[in-house]
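Below: the structure, in C-alpha cells.
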Amino acid sequence: MRTPGLGRVLRDTRYVFWREMLLPLRDPFSLIFSLIQPLVFLGLFGPLLSASVGAPAFGGQSTLQWFLPGVVVMIALFGTSMTGSNLQYELMTGSYERILATPLSRSSLMIGRALKEWAPLVLQGLLIALVCIPFGFVFHPLHVLLGLVILGIFGIGLGALSYSLALVSQNKEWIFWGVQQTLLFPLMILSGIMLPIEAGPAWMKTASLFNPLTYLVNAERELFAGTIGGHTLWGLVAAGVTAAVGLAVGIRTISRDIR
C-alpha cells in the first residue's frame, strides 16, 4: 500500500477530529458533569491541605493558588488516560471496523483522535479557573491560557497512548483498566498534584524527577501564579516529548493492528 502524502493525512485528520468532537458537542452535559469531582477536591481537600501542611510549603502562595493548577492537571490525567475505553466500546460494537473500511489514512485515525483531547481539556481548565475567581484565585489570563495550551499538548500524547493501550488489549478490557489504574495513581502522587513533593522522603523526590507529570505540574503552578520561568520551559518540553512519543506509538500501533 502506498504511503499517503502529508496533504491527505492533514485532510483526513481534520475529518477524524471533527467526528470525534461531535460527541462532546452533542452531549456537553458530560463535560460539565466531569467538573464536579475537581470542584469537590478544591472545596473539601483544599482546606484540609492548608491546615495539615501549612502555608510555607506553598511557596508563599495561597492554598487555592497552589492547589488549583494541580487539580487542572488531574483533570487531564484522568480524562485522557481513560479515552481508550471509548475505542474499546467501538471495537466491541463493530463501529471501529466500519471506520477502517473508509479510505481515511490510518495515521489520521490516531492523530485525529488524539488531537480531539486538546479542546475539552482547555475548556474544562478555563471553566475551573473562572469558577474559582470569587473564592480568591488570582486570574492571569495570558499565563493561564499558555498553561492550558501546554496541558493540551500533554493531553494529545496521553490520549494517543490510551488509544494504543486499547488497541493492544482489545477484547480484554481488564488489561486496559489494570494497566491504566496501576500507572495512574503513582504518577499522580509522585508529581506533587495532591501534596508538596518536597514534604516527602528523599526516594520520592528522586522518583519524581523521572515523572513527566512533575514538570507539567510545576509549569502550571508557575504560570497560574502569573510568572514564566524555568519550570514553564521544562513543562513545555515534558508535554512536547509526551505528545511526540504518544503519537509515534499510536501511529505505529494502529498501523500494525490493521491487517
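Order determines the names: the first chain of the C-alpha cells is A, the second B, and so forth; residues in each chain are numbered 1 upward, and ligands are numbered 1 upward as they are shown.
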Next on the checklist: Env of segment 122-135 of chain A: 10 Å cut, atoms = only C-alpha atoms, seq-sep filter 4 positions within chain, self excluded. Answer as a VMD selection string.
Outcome noted: chain A and resid 31 to 32 34 to 36 38 to 39 42 to 43 64 to 65 68 to 69 71 to 73 75 to 76 117 to 118 139 to 141 144 to 152 155 224
Next on the checklist: One number please: atom CA of Gly157 of chain A to atom CA of Leu233 of chain A, in Å, one decimal.
Outcome noted: 17.6 Å
Item to check | Shell of 10 Å around Val249 of chain A, only C-alpha atoms, local chain residues under 2 positions omitted, as number ranges by chain | outcome: A: 110, 157, 160-161, 163-165, 243-247, 251-255
Atoms kept (N, CA and C atoms) for selection, written as a PDB file, in the first residue's frame:
ATOM      1  N   MET A 110      -5.447   7.904  14.249  1.00  0.00           N
ATOM      2  CA  MET A 110      -4.856   8.096  15.565  1.00  0.00           C
ATOM      3  C   MET A 110      -4.616   9.571  15.865  1.00  0.00           C
ATOM      4  N   GLY A 157      -0.661  13.577  23.724  1.00  0.00           N
ATOM      5  CA  GLY A 157       0.219  12.413  23.856  1.00  0.00           C
ATOM      6  C   GLY A 157      -0.369  11.332  24.734  1.00  0.00           C
ATOM      7  N   ALA A 160      -3.219   9.544  22.964  1.00  0.00           N
ATOM      8  CA  ALA A 160      -2.723   8.599  21.960  1.00  0.00           C
ATOM      9  C   ALA A 160      -2.232   7.314  22.616  1.00  0.00           C
ATOM     10  N   LEU A 161      -1.557   7.436  23.760  1.00  0.00           N
ATOM     11  CA  LEU A 161      -1.090   6.248  24.478  1.00  0.00           C
ATOM     12  C   LEU A 161      -2.265   5.429  25.001  1.00  0.00           C
ATOM     13  N   TYR A 163      -5.269   5.258  23.602  1.00  0.00           N
ATOM     14  CA  TYR A 163      -5.837   4.567  22.445  1.00  0.00           C
ATOM     15  C   TYR A 163      -4.974   3.371  22.048  1.00  0.00           C
ATOM     16  N   SER A 164      -3.662   3.539  22.138  1.00  0.00           N
ATOM     17  CA  SER A 164      -2.757   2.435  21.801  1.00  0.00           C
ATOM     18  C   SER A 164      -2.977   1.258  22.743  1.00  0.00           C
ATOM     19  N   LEU A 165      -3.119   1.561  24.025  1.00  0.00           N
ATOM     20  CA  LEU A 165      -3.364   0.504  25.010  1.00  0.00           C
ATOM     21  C   LEU A 165      -4.687  -0.206  24.726  1.00  0.00           C
ATOM     22  N   ALA A 243       3.730  14.166  23.859  1.00  0.00           N
ATOM     23  CA  ALA A 243       2.919  14.184  22.642  1.00  0.00           C
ATOM     24  C   ALA A 243       3.624  13.459  21.500  1.00  0.00           C
ATOM     25  N   ALA A 244       4.923  13.708  21.349  1.00  0.00           N
ATOM     26  CA  ALA A 244       5.678  13.076  20.262  1.00  0.00           C
ATOM     27  C   ALA A 244       5.734  11.562  20.437  1.00  0.00           C
ATOM     28  N   VAL A 245       6.040  11.121  21.661  1.00  0.00           N
ATOM     29  CA  VAL A 245       6.119   9.680  21.931  1.00  0.00           C
ATOM     30  C   VAL A 245       4.748   9.032  21.786  1.00  0.00           C
ATOM     31  N   GLY A 246       3.718   9.694  22.338  1.00  0.00           N
ATOM     32  CA  GLY A 246       2.373   9.139  22.259  1.00  0.00           C
ATOM     33  C   GLY A 246       1.892   8.973  20.827  1.00  0.00           C
ATOM     34  N   LEU A 247       2.104  10.005  20.005  1.00  0.00           N
ATOM     35  CA  LEU A 247       1.668   9.918  18.610  1.00  0.00           C
ATOM     36  C   LEU A 247       2.479   8.883  17.836  1.00  0.00           C
ATOM     37  N   ILE A 251       0.531   5.813  16.194  1.00  0.00           N
ATOM     38  CA  ILE A 251       0.527   5.571  14.747  1.00  0.00           C
ATOM     39  C   ILE A 251       1.096   4.197  14.423  1.00  0.00           C
ATOM     40  N   ARG A 252       2.159   3.827  15.115  1.00  0.00           N
ATOM     41  CA  ARG A 252       2.752   2.512  14.886  1.00  0.00           C
ATOM     42  C   ARG A 252       1.796   1.395  15.292  1.00  0.00           C
ATOM     43  N   THR A 253       1.101   1.594  16.413  1.00  0.00           N
ATOM     44  CA  THR A 253       0.168   0.564  16.898  1.00  0.00           C
ATOM     45  C   THR A 253      -0.995   0.380  15.958  1.00  0.00           C
ATOM     46  N   ILE A 254      -1.594   1.502  15.509  1.00  0.00           N
ATOM     47  CA  ILE A 254      -2.774   1.380  14.642  1.00  0.00           C
ATOM     48  C   ILE A 254      -2.381   0.838  13.274  1.00  0.00           C
ATOM     49  N   SER A 255      -1.151   1.110  12.822  1.00  0.00           N
ATOM     50  CA  SER A 255      -0.696   0.593  11.536  1.00  0.00           C
ATOM     51  C   SER A 255      -0.451  -0.915  11.605  1.00  0.00           C
TER      52      SER A 255
END
Item to check | Pick from A:Val179, A:Thr13, A:Ile111, A:Gln37, whichever lies nearest to Met74 of chain A using only C-alpha atoms | outcome: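 Ranking A:Val179, A:Thr13, A:Ile111, A:Gln37 by distance to Met74 of chain A, first place goes to A:Gln37.
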Item to check | Residue contacts of Ile189 of chain A (10 Å, only C-alpha atoms) excluding same-chain residues fewer than 5 positions away, as a ChimeraX atom specification | outcome: /A:184,194-197,204,208,213-214
Item to check | Which of A:Gly79, A:Gly112, A:Gly200, A:Gly46 sits closest to Arg11 of chain A [using only C-alpha atoms] | outcome: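 Counting only C-alpha atoms, the residue closest to Arg11 of chain A is A:Gly112.
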Item to check | DSSP-assigned alpha helix (DSSP H) members of segment 159-232 of chain A, reported as a VMD selection string | outcome: chain A and resid 159 to 168 173 to 189 202 to 208 212 to 224 230 to 232
Checklist entry - If you measure from atom CA of Ser105 of chain A to atom CA of Val9 of chain A, what distance in Å do you get, rounded to one decimal? => result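 About the pair atom CA of Ser105 of chain A and atom CA of Val9 of chain A: they are 6.2 Å apart.
Residue nearest Leu77 of chain A, chosen from A:Gly136, A:Gly235, A:Pro103, A:Pro212 and counting only C-alpha atoms: A:Pro212.
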Could you list, with a cut-off of 10 Å and counting only C-alpha atoms, the residues of segment 85-154 of chain A near segment 18-25 of chain A, each shown with its nearest atom pair and the distance in Å rounded to one decimal, rows sorted by chain and ascending number, as a tab-separated table?
residue	atom	partner	partner_atom	distance
A:Gly112	CA	A:Glu20	CA	7.8
A:Arg113	CA	A:Glu20	CA	6.4
A:Ala114	CA	A:Glu20	CA	9.5
A:Leu115	CA	A:Glu20	CA	9.3
A:Lys116	CA	A:Met21	CA	6.2
A:Glu117	CA	A:Met21	CA	8.9
A:Ala119	CA	A:Met21	CA	8.5
A:Pro120	CA	A:Pro24	CA	8.2
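Note that the spacing between atom CA of Tyr96 of chain A and atom CA of Leu167 of chain A amounts to 10.7 Å.
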Item to check | Closest of A:Leu216, A:Ala207, A:Val40, A:Ala166 to Phe154 of chain A - atom-to-atom distances counting only C-alpha atoms | outcome: A:Leu216
Item to check | Spatial neighbours of Glu222 of chain A, max dist 9 Å, only C-alpha atoms, sep filter under 6 positions, as a ChimeraX atom specification | outcome: /A:69,143,147,228-229,231-232
